[in-house]
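Data from coords-v4.tsv: TSV, C-alpha atoms
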chain	number	residue	atom	x	y	z
A	1	MET	CA	72.69	118.34	60.45
A	2	ASN	CA	69.84	120.51	59.11
A	3	LYS	CA	69.14	124.00	60.42
A	4	GLY	CA	66.16	122.95	62.57
A	5	ALA	CA	68.15	120.21	64.24
A	6	SER	CA	71.04	122.61	64.83
A	7	ILE	CA	68.75	125.10	66.58
A	8	LYS	CA	67.26	122.38	68.77
A	9	GLU	CA	70.74	121.17	69.63
A	10	ARG	CA	71.66	124.68	70.77
A	11	ILE	CA	68.49	124.88	72.85
A	12	TYR	CA	68.42	121.46	74.39
A	13	GLY	CA	72.02	120.18	74.08
A	14	PRO	CA	73.32	122.07	77.14
A	15	GLN	CA	70.84	120.12	79.29
A	16	ARG	CA	73.24	117.16	79.02
A	17	ALA	CA	75.49	118.99	81.48
A	18	LEU	CA	72.90	118.83	84.26
A	19	THR	CA	74.40	115.69	85.75
A	20	LEU	CA	76.25	114.59	88.85
A	21	SER	CA	79.45	114.20	86.82
A	22	SER	CA	79.24	117.85	85.72
A	23	ARG	CA	78.71	118.95	89.32
A	24	ILE	CA	81.77	117.01	90.46
A	25	MET	CA	83.81	118.37	87.52
A	26	VAL	CA	83.02	121.96	88.53
A	27	LEU	CA	83.93	121.18	92.14
A	28	LEU	CA	87.30	119.72	91.13
A	29	CYS	CA	88.13	122.53	88.71
A	30	ASP	CA	86.84	125.57	90.62
A	31	GLU	CA	87.18	124.55	94.26
A	32	LEU	CA	90.18	122.19	94.17
A	33	GLY	CA	92.24	123.95	91.51
A	34	LEU	CA	92.22	121.35	88.75
A	35	GLY	CA	90.95	123.74	86.06
A	36	ARG	CA	94.27	123.56	84.23
A	37	GLN	CA	94.31	119.77	84.40
A	38	PRO	CA	91.02	118.75	82.74
A	39	LYS	CA	92.23	115.22	81.92
A	40	VAL	CA	93.08	114.57	85.56
A	41	ALA	CA	89.76	116.09	86.64
A	42	ARG	CA	87.80	113.89	84.21
A	43	LEU	CA	89.66	110.80	85.43
A	44	LEU	CA	88.81	111.68	89.03
A	45	VAL	CA	85.17	112.25	88.09
A	46	HIS	CA	85.06	108.76	86.57
A	47	GLU	CA	86.60	107.21	89.70
A	48	ILE	CA	84.27	109.10	92.05
A	49	LEU	CA	81.20	108.06	90.07
A	50	GLU	CA	82.31	104.42	90.22
A	51	VAL	CA	82.59	104.66	94.01
A	52	VAL	CA	79.16	106.28	94.26
A	53	GLU	CA	77.57	103.69	91.96
A	54	ASP	CA	79.16	100.83	93.90
A	55	THR	CA	78.14	102.18	97.29
A	56	LEU	CA	74.70	103.72	96.89
A	57	LEU	CA	72.38	100.86	96.09
A	58	THR	CA	68.68	101.29	95.50
A	59	THR	CA	66.20	99.50	97.75
A	60	ASP	CA	65.23	97.06	95.00
A	61	MET	CA	68.83	95.80	94.93
A	62	MET	CA	68.73	94.85	98.64
A	63	GLN	CA	66.76	91.96	100.06
A	64	PRO	CA	64.98	91.99	103.43
A	65	GLY	CA	67.42	91.04	106.17
A	66	GLN	CA	70.46	92.24	104.21
A	67	LEU	CA	72.98	94.80	105.38
A	68	LEU	CA	75.25	97.01	103.24
A	69	VAL	CA	78.66	97.76	104.74
A	70	LEU	CA	81.99	99.10	103.56
A	71	ALA	CA	84.96	96.83	104.23
A	72	PRO	CA	88.65	96.91	103.25
A	73	GLU	CA	89.47	95.26	99.95
A	74	ILE	CA	91.62	92.13	100.12
A	75	GLY	CA	95.38	92.41	99.76
A	76	GLN	CA	96.19	95.75	101.39
A	77	GLY	CA	97.91	94.48	104.53
A	78	SER	CA	97.31	95.56	108.09
A	79	CYS	CA	96.40	99.05	109.26
A	80	TRP	CA	99.62	99.26	111.25
A	81	SER	CA	102.12	98.22	108.60
A	82	ARG	CA	101.36	101.00	106.11
A	83	ASN	CA	98.31	103.19	106.35
A	84	LYS	CA	95.45	103.73	108.72
A	85	LEU	CA	92.15	102.01	108.06
A	86	GLU	CA	90.74	105.27	106.70
A	87	ASP	CA	93.42	105.20	103.97
A	88	LYS	CA	92.47	101.73	102.72
A	89	LYS	CA	90.46	101.04	99.59
A	90	LEU	CA	86.96	100.08	100.68
A	91	LYS	CA	84.42	97.90	98.96
A	92	ALA	CA	80.65	97.86	99.44
A	93	VAL	CA	79.52	94.36	100.40
A	94	ARG	CA	76.08	92.95	101.06
A	95	LEU	CA	75.72	90.69	104.09
A	96	ASP	CA	72.84	88.44	105.08
A	97	LEU	CA	72.20	89.55	108.65
A	98	ILE	CA	68.99	87.50	108.87
A	99	VAL	CA	68.09	84.49	106.73
A	100	SER	CA	65.19	82.05	106.99
A	101	ASP	CA	67.55	79.33	108.26
A	102	ASP	CA	68.31	81.48	111.33
A	103	ILE	CA	64.60	81.71	112.15
A	104	ASP	CA	64.11	77.95	111.58
A	105	ARG	CA	66.93	77.19	114.02
A	106	PHE	CA	65.54	79.53	116.65
A	107	ALA	CA	62.10	77.92	116.22
A	108	ALA	CA	63.64	74.45	116.53
A	109	GLY	CA	65.13	75.41	119.88
A	110	GLU	CA	68.78	75.76	118.89
A	111	LYS	CA	70.80	77.76	121.40
A	112	PRO	CA	71.08	81.45	120.38
A	113	PHE	CA	74.89	81.52	120.65
A	114	LEU	CA	75.14	78.73	118.03
A	115	VAL	CA	72.91	80.68	115.65
A	116	THR	CA	75.03	83.76	116.26
A	117	ARG	CA	78.24	81.82	115.59
A	118	ARG	CA	76.87	80.50	112.32
A	119	ARG	CA	75.67	84.00	111.36
A	120	ILE	CA	79.11	85.53	112.02
A	121	ALA	CA	80.84	82.82	109.96
A	122	ARG	CA	78.37	83.38	107.11
A	123	MET	CA	79.00	87.12	106.97
A	124	VAL	CA	82.79	86.61	107.03
A	125	ARG	CA	82.55	84.24	104.05
A	126	GLN	CA	80.17	86.54	102.16
A	127	ALA	CA	82.47	89.54	102.52
A	128	TYR	CA	85.46	87.47	101.35
A	129	GLU	CA	83.55	86.17	98.32
A	130	GLN	CA	82.85	89.82	97.36
A	131	GLY	CA	86.53	90.78	97.63
A	132	ALA	CA	86.67	92.26	101.14
A	133	THR	CA	87.37	91.18	104.71
A	134	LEU	CA	85.65	91.77	108.03
A	135	SER	CA	87.49	92.24	111.32
A	136	SER	CA	86.33	91.22	114.78
A	137	ALA	CA	85.89	94.93	115.59
A	138	GLN	CA	83.62	95.54	112.59
A	139	LEU	CA	81.58	92.42	113.33
A	140	ALA	CA	81.27	93.60	116.93
A	141	VAL	CA	79.70	96.83	115.68
A	142	ILE	CA	77.37	94.87	113.38
A	143	THR	CA	76.25	92.26	115.93
A	144	GLY	CA	76.36	94.30	119.13
A	145	TYR	CA	78.76	91.89	120.84
A	146	SER	CA	82.25	92.82	122.04
A	147	SER	CA	85.29	92.14	119.86
A	148	SER	CA	86.51	89.49	122.32
A	149	VAL	CA	83.17	87.65	122.10
A	150	VAL	CA	83.35	87.71	118.29
A	151	CYS	CA	86.94	86.36	118.39
A	152	ASN	CA	85.75	83.59	120.71
A	153	HIS	CA	83.09	82.67	118.15
A	154	PHE	CA	85.83	82.57	115.46
A	155	ARG	CA	87.94	80.16	117.50
A	156	ARG	CA	85.09	77.89	118.50
A	157	HIS	CA	83.72	77.73	114.95
A	158	MET	CA	87.12	76.82	113.52
A	159	LYS	CA	87.71	74.23	116.24
A	160	ALA	CA	84.29	72.64	115.71
A	161	THR	CA	84.33	72.61	111.90
A	162	GLY	CA	88.02	72.75	110.90
A	163	GLU	CA	87.12	75.64	108.60
A	164	VAL	CA	89.57	78.56	108.50
A	165	LEU	CA	87.38	81.67	108.38
A	166	PRO	CA	88.82	84.33	106.01
A	167	THR	CA	88.69	87.15	108.55
A	168	ARG	CA	90.73	90.30	108.11
A	169	GLY	CA	93.26	89.15	110.72
A	170	ILE	CA	93.84	85.86	108.93
A	171	VAL	CA	93.83	87.05	105.32
A	172	GLU	CA	96.06	90.06	105.97
A	173	ASP	CA	98.29	88.40	108.63
A	174	ILE	CA	97.31	90.81	111.38
A	175	GLY	CA	98.02	90.34	115.07
A	176	SER	CA	98.20	86.90	116.63
A	177	ALA	CA	96.06	85.13	114.02
A	178	THR	CA	98.68	82.46	113.32
A	179	SER	CA	96.67	79.28	113.89
A	180	HIS	CA	95.65	79.21	110.23
A	181	LYS	CA	99.32	79.25	109.22
A	182	LYS	CA	99.95	76.29	111.50
A	183	GLN	CA	97.04	74.45	109.91
A	184	ILE	CA	98.34	75.22	106.41
A	185	VAL	CA	101.84	73.97	107.23
A	186	SER	CA	100.41	70.89	108.97
A	187	ARG	CA	98.57	70.02	105.76
A	188	TYR	CA	101.79	70.61	103.79
A	189	LEU	CA	103.65	68.18	106.05
A	190	THR	CA	101.03	65.50	105.38
A	191	GLY	CA	101.72	65.79	101.65
A	192	GLU	CA	98.82	67.96	100.44
A	193	SER	CA	99.55	70.09	97.37
A	194	THR	CA	99.47	73.88	97.36
A	195	SER	CA	96.21	73.94	95.38
A	196	GLU	CA	94.54	71.45	97.74
A	197	ILE	CA	95.57	73.49	100.80
A	198	ALA	CA	94.44	76.75	99.17
A	199	ARG	CA	90.98	75.32	98.45
A	200	ALA	CA	90.60	73.82	101.93
A	201	THR	CA	91.65	76.96	103.81
A	202	ASP	CA	90.21	79.78	101.67
A	203	HIS	CA	93.67	81.14	100.83
A	204	THR	CA	95.34	81.98	97.56
A	205	PRO	CA	98.09	79.60	96.35
A	206	PHE	CA	100.49	82.54	96.69
A	207	SER	CA	99.68	82.92	100.41
A	208	VAL	CA	100.05	79.19	100.98
A	209	GLU	CA	103.46	79.17	99.28
A	210	ARG	CA	104.53	82.13	101.41
A	211	TYR	CA	103.67	80.36	104.67
A	212	ILE	CA	105.37	77.17	103.54
A	213	GLY	CA	108.46	79.15	102.51
A	214	ARG	CA	108.66	80.81	105.94
A	215	PHE	CA	108.31	77.42	107.64
A	216	GLU	CA	111.15	76.01	105.52
A	217	GLN	CA	113.30	78.99	106.58
A	218	VAL	CA	112.65	78.12	110.22
A	219	ARG	CA	113.47	74.47	109.51
A	220	GLU	CA	116.73	75.40	107.82
A	221	LEU	CA	117.79	77.72	110.64
A	222	VAL	CA	117.06	75.04	113.25
A	223	PHE	CA	119.16	72.55	111.27
A	224	TYR	CA	122.21	74.83	111.31
A	225	LEU	CA	121.89	75.91	114.95
A	226	GLU	CA	124.08	73.83	117.26
A	227	LYS	CA	122.18	74.58	120.48
A	228	GLU	CA	118.49	74.65	121.38
A	229	PRO	CA	116.78	77.13	118.98
A	230	ASN	CA	115.73	80.44	120.51
A	231	PRO	CA	112.33	81.55	119.09
A	232	MET	CA	113.17	85.20	119.76
A	233	VAL	CA	116.42	85.02	117.76
A	234	ILE	CA	114.76	83.18	114.85
A	235	ALA	CA	111.88	85.66	114.79
A	236	ARG	CA	114.33	88.58	114.69
A	237	ILE	CA	116.39	87.03	111.86
A	238	LEU	CA	113.34	86.19	109.72
A	239	GLY	CA	111.34	89.30	110.57
A	240	CYS	CA	108.25	87.43	111.76
A	241	SER	CA	106.42	87.04	115.07
A	242	GLN	CA	107.83	84.96	117.90
A	243	ARG	CA	104.43	83.29	118.29
A	244	LEU	CA	104.59	82.03	114.70
A	245	VAL	CA	108.12	80.66	115.21
A	246	ILE	CA	106.99	78.78	118.33
A	247	GLU	CA	104.13	77.18	116.41
A	248	TYR	CA	106.48	76.11	113.61
A	249	LEU	CA	108.99	74.71	116.13
A	250	GLU	CA	106.19	72.63	117.62
A	251	LEU	CA	105.45	71.22	114.17
A	252	LEU	CA	109.14	70.43	113.63
A	253	HIS	CA	109.29	68.67	117.00
A	254	LYS	CA	106.25	66.56	116.08
A	255	GLU	CA	107.80	65.72	112.72
A	256	LYS	CA	111.05	64.60	114.39
A	257	SER	CA	109.19	62.40	116.90
A	258	LYS	CA	107.45	60.60	114.01
A	259	SER	CA	110.70	59.83	112.17
Before we go any further, please render this structure as structure tokens.
Amino acid sequence: MNKGASIKERIYGPQRALTLSSRIMVLLCDELGLGRQPKVARLLVHEILEVVEDTLLTTDMMQPGQLLVLAPEIGQGSCWSRNKLEDKKLKAVRLDLIVSDDIDRFAAGEKPFLVTRRRIARMVRQAYEQGATLSSAQLAVITGYSSSVVCNHFRRHMKATGEVLPTRGIVEDIGSATSHKKQIVSRYLTGESTSEIARATDHTPFSVERYIGRFEQVRELVFYLEKEPNPMVIARILGCSQRLVIEYLELLHKEKSKS
């Protein structure tokens, strides 16, 4: 480097530090006591910048009618089993709140609740495709309906179409959302493969295998029990919900009646 370039570097080079990453680095080192751990501080700066970049989108990245929300990433379990919702990893997802098809259906005279149901199902799928899940509570906040109304839309959509919506309750096995497990096992009993079931129900092959494995545990316990199986006892032994055991016992009863 020649002398002129060296002087210019001394004059202008420090301007490289006038960045958001430098501001965060100073905060971590001076305010949070990481001055003696610069490697840790730099790693945290990198992670924070990734979160900021993923969350703060510019207006040209959003389309009219779209909504940007933060939702829990897939695969972290329920809020009650480990951490609170505020402790979960969140992902920024873009949802189509209004699309031209919605307007066309309104103009064609379709009942508003059907358009709403289709809109809710669309946003659930979009979040799942981007690696996150939406709960009935979050969709209630988005749509302005109560959580119970949103859940009713879930049930009616799945009953009408046979599609298992990848909501947070279903994907993370939260609460009483066991109907999808019953559907998965029903498909298994008709001879469908794990991959076929996974594709049809928007589940990973690992999840499908887990549900089938639990069902086989129930089947085996029922086989060895001499008296009428008690759902409460089976649920306690296997560490699952009594509601799920009852659904699996119903499937076993149907299977026996066929044979």
How many Å separate atom CA of A:Arg94 from atom CA of A:Thr167?
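Those two atoms sit 15.8 Å apart.
Put simply, atom CA of A:Thr143 is 26.6 Å away from atom CA of A:Glu53.
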Could you list, as number ranges by chain, every residue within 12 Å of A:Arg210, counting only C-alpha atoms and ignoring same-chain residues fewer than 2 positions away?
A: 173, 181, 184-185, 194, 198, 203-208, 212-217
Coordinates-based distance that separates atom CA of A:Leu90 from atom CA of A:Asp30 (Å, one decimal):
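The value is 27.4 Å.
Between A:Val164 and the residues A:Ser148, A:Gln183, A:Gln242, A:Lys8, the shortest atom-to-atom distance, using all atoms listed in the file, involves A:Gln183.
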Calculated over only C-alpha atoms, which of the candidates A:Ile142, A:Ala132, A:Met123, A:Ile170 has the smallest distance to A:Lys89?
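When distances to A:Lys89 are compared using only C-alpha atoms, the smallest one comes from A:Ala132.
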Long-range neighbours of stretch 149-156 of chain A as an mmCIF file with C-alpha atoms, in the coordinates of the input, 9 Å cut-off, all atoms listed in the file, 2 positions minimum in chain:
data_model
loop_
_atom_site.group_PDB
_atom_site.id
_atom_site.type_symbol
_atom_site.label_atom_id
_atom_site.label_comp_id
_atom_site.auth_asym_id
_atom_site.auth_seq_id
_atom_site.Cartn_x
_atom_site.Cartn_y
_atom_site.Cartn_z
ATOM 1 C CA PHE A 113 74.890 81.520 120.650
ATOM 2 C CA LEU A 114 75.140 78.730 118.030
ATOM 3 C CA THR A 116 75.030 83.760 116.260
ATOM 4 C CA ARG A 117 78.240 81.820 115.590
ATOM 5 C CA ARG A 118 76.870 80.500 112.320
ATOM 6 C CA ILE A 120 79.110 85.530 112.020
ATOM 7 C CA ALA A 121 80.840 82.820 109.960
ATOM 8 C CA SER A 136 86.330 91.220 114.780
ATOM 9 C CA ALA A 137 85.890 94.930 115.590
ATOM 10 C CA LEU A 139 81.580 92.420 113.330
ATOM 11 C CA ALA A 140 81.270 93.600 116.930
ATOM 12 C CA THR A 143 76.250 92.260 115.930
ATOM 13 C CA TYR A 145 78.760 91.890 120.840
ATOM 14 C CA SER A 146 82.250 92.820 122.040
ATOM 15 C CA SER A 147 85.290 92.140 119.860
ATOM 16 C CA MET A 158 87.120 76.820 113.520
ATOM 17 C CA LYS A 159 87.710 74.230 116.240
ATOM 18 C CA ALA A 160 84.290 72.640 115.710
ATOM 19 C CA THR A 161 84.330 72.610 111.900
ATOM 20 C CA VAL A 164 89.570 78.560 108.500
ATOM 21 C CA LEU A 165 87.380 81.670 108.380
ATOM 22 C CA THR A 167 88.690 87.150 108.550
#
Here is a test: counting all atoms listed in the file, which residue of A:Pro64, A:Gly169, A:Pro112, A:Gly75 is nearest to A:Ile98?
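Among the listed residues, the smallest separation from A:Ile98 belongs to A:Pro64.
Of the residues under consideration (A:Leu44, A:Ser257, A:Glu9, A:Gln63), A:Leu44 shows the shortest atom-to-atom contact distance to A:Cys29 when counting only C-alpha atoms.
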